[in-house]
Amino acid sequence: MSKIIQLLAFIIISVSFNTKAQQFDATLYFLDGSKRTGKADMVSNEETKLAFIENGSKKKEKIKINLLDKVEYINPKNNQPLTVEYRELIYYFLSDKPKSNYGWIKKISISGDISTYVGYSYDAGVRNAYYYSVKPSELYNFFFQYKNEKPHLIYFDNSMWTPNKKQIVKRQVKNFFINICPKLVSDFNDGKIEIKNNEVKVLIDYYEKNCSTNN
């Protein structure tokens, strides 16, 4: 499963804008606090550089991804902003030992101590003349971030069958909540809390009611 996060490109921009790949009005925010405005390609986890043309220039540059904090795009259909952040992501698949990699995610909500992020991925599969040897698949990854800590993968929904998915999700939930809400971990393992239809908010609602430092 870790290969899914590492290899698939998050195509949040194309999904949200419902348009083909092209350059979009965008503002690049750098780790050093500076920012630049112009035209930028869609972000992709498969690329180490981002094509960019600064306003007032005709020269296309290749900006190193590891210099960026986030990118704000403007949707050409409604002129609304969409921001994606480049973050180190923590996950637990095969053991309780954490692994990490960097990727693009979009913040979808903030509730007290916890922020929720999502990433969307698509794998076109492998096809020969007559059939797919590897079928196309989609993947939604949901991440929680506690205060200023690194985002942790909590839940994933994919179009292809994943062995031991329940055990993987339990491990993700346990390692995120064990120190901040151990009761949530035990109730989730006992089936008293269930994630249905990708509604990971059920975990945050439980945390806010029983364990939040804001109570």
# chains A, B, ... in the order shown; residues from 1 in each chain; ligands from 1
>>> residues_around(residues="A:Ile168", least_positions_apart="5", cutoff="10 Å", atoms="only C-alpha atoms", output="ChimeraX atom specification")
/A:1,91-95,154-156,162-163,173-174
>>> select_by_dssp(residues="stretch 48-173 of chain A", states="helix (DSSP H, G or I)", output="PyMOL selection string")
chain A and resi 65-67+165-173
>>> closest_residue(among="A:Phe24, A:Lys62, A:Trp104, A:Asn158", to="A:Lys77", atoms="only C-alpha atoms")
A:Phe24
>>> closest_residue(among="A:Ile114, A:Ala40, A:Ala26, A:Ile65", to="A:Tyr206", atoms="only C-alpha atoms")
A:Ile114
>>> residues_around(residues="A:Ile90", least_positions_apart="3", cutoff="6 Å", atoms="only C-alpha atoms", output="VMD selection string")
chain A and resid 99 to 100 152
>>> decode(residues="stretch 63-124 of chain A", atoms="C-alpha atoms", output="JSON list (two decimals), in the first residue's frame")
[["chain", "number", "residue", "atom", "x", "y", "z"],
["A", 63, "ILE", "CA", 10.83, 25.74, -9.69],
["A", 64, "LYS", "CA", 12.13, 23.06, -7.32],
["A", 65, "ILE", "CA", 9.22, 21.60, -5.37],
["A", 66, "ASN", "CA", 11.22, 21.29, -2.15],
["A", 67, "LEU", "CA", 11.51, 25.10, -2.03],
["A", 68, "LEU", "CA", 7.73, 25.54, -1.87],
["A", 69, "ASP", "CA", 5.36, 25.68, 1.08],
["A", 70, "LYS", "CA", 2.10, 25.91, -0.87],
["A", 71, "VAL", "CA", 0.57, 26.98, -4.19],
["A", 72, "GLU", "CA", -2.67, 28.94, -4.56],
["A", 73, "TYR", "CA", -4.41, 28.47, -7.90],
["A", 74, "ILE", "CA", -7.32, 30.48, -9.31],
["A", 75, "ASN", "CA", -10.11, 28.39, -10.80],
["A", 76, "PRO", "CA", -10.67, 29.79, -14.33],
["A", 77, "LYS", "CA", -14.34, 28.78, -14.19],
["A", 78, "ASN", "CA", -15.33, 30.83, -11.14],
["A", 79, "ASN", "CA", -12.20, 32.80, -10.11],
["A", 80, "GLN", "CA", -12.18, 31.09, -6.72],
["A", 81, "PRO", "CA", -8.85, 30.21, -5.07],
["A", 82, "LEU", "CA", -7.74, 26.64, -4.38],
["A", 83, "THR", "CA", -4.67, 26.08, -2.21],
["A", 84, "VAL", "CA", -2.56, 22.94, -2.04],
["A", 85, "GLU", "CA", 0.23, 22.49, 0.50],
["A", 86, "TYR", "CA", 3.45, 20.49, 0.18],
["A", 87, "ARG", "CA", 3.88, 18.52, 3.39],
["A", 88, "GLU", "CA", 5.76, 15.63, 4.93],
["A", 89, "LEU", "CA", 3.08, 12.96, 5.39],
["A", 90, "ILE", "CA", 3.20, 10.27, 8.08],
["A", 91, "TYR", "CA", 1.67, 6.84, 7.65],
["A", 92, "TYR", "CA", 1.66, 3.36, 9.21],
["A", 93, "PHE", "CA", 0.92, 0.44, 6.91],
["A", 94, "LEU", "CA", 2.82, -2.68, 7.83],
["A", 95, "SER", "CA", 3.92, -1.85, 11.38],
["A", 96, "ASP", "CA", 3.74, 0.74, 14.14],
["A", 97, "LYS", "CA", 7.01, 2.19, 12.92],
["A", 98, "PRO", "CA", 6.19, 5.41, 11.05],
["A", 99, "LYS", "CA", 7.17, 6.03, 7.45],
["A", 100, "SER", "CA", 6.97, 9.32, 5.63],
["A", 101, "ASN", "CA", 7.12, 10.96, 2.24],
["A", 102, "TYR", "CA", 6.33, 14.41, 0.88],
["A", 103, "GLY", "CA", 3.19, 15.11, -1.12],
["A", 104, "TRP", "CA", 0.57, 17.68, -2.11],
["A", 105, "ILE", "CA", -2.60, 17.87, -0.01],
["A", 106, "LYS", "CA", -5.57, 20.22, 0.28],
["A", 107, "LYS", "CA", -6.97, 21.40, 3.62],
["A", 108, "ILE", "CA", -10.71, 20.83, 3.78],
["A", 109, "SER", "CA", -11.53, 21.74, 7.40],
["A", 110, "ILE", "CA", -10.21, 22.90, 10.76],
["A", 111, "SER", "CA", -11.91, 21.76, 13.95],
["A", 112, "GLY", "CA", -10.28, 22.85, 17.18],
["A", 113, "ASP", "CA", -6.95, 21.06, 17.50],
["A", 114, "ILE", "CA", -7.27, 19.00, 14.31],
["A", 115, "SER", "CA", -7.05, 19.99, 10.64],
["A", 116, "THR", "CA", -8.29, 17.65, 7.91],
["A", 117, "TYR", "CA", -6.61, 17.31, 4.52],
["A", 118, "VAL", "CA", -7.43, 15.30, 1.43],
["A", 119, "GLY", "CA", -5.49, 14.11, -1.57],
["A", 120, "TYR", "CA", -6.91, 12.53, -4.73],
["A", 121, "SER", "CA", -4.91, 10.15, -6.90],
["A", 122, "TYR", "CA", -5.52, 8.34, -10.17],
["A", 123, "ASP", "CA", -3.61, 5.47, -11.74],
["A", 124, "ALA", "CA", -4.36, 4.92, -15.44]]
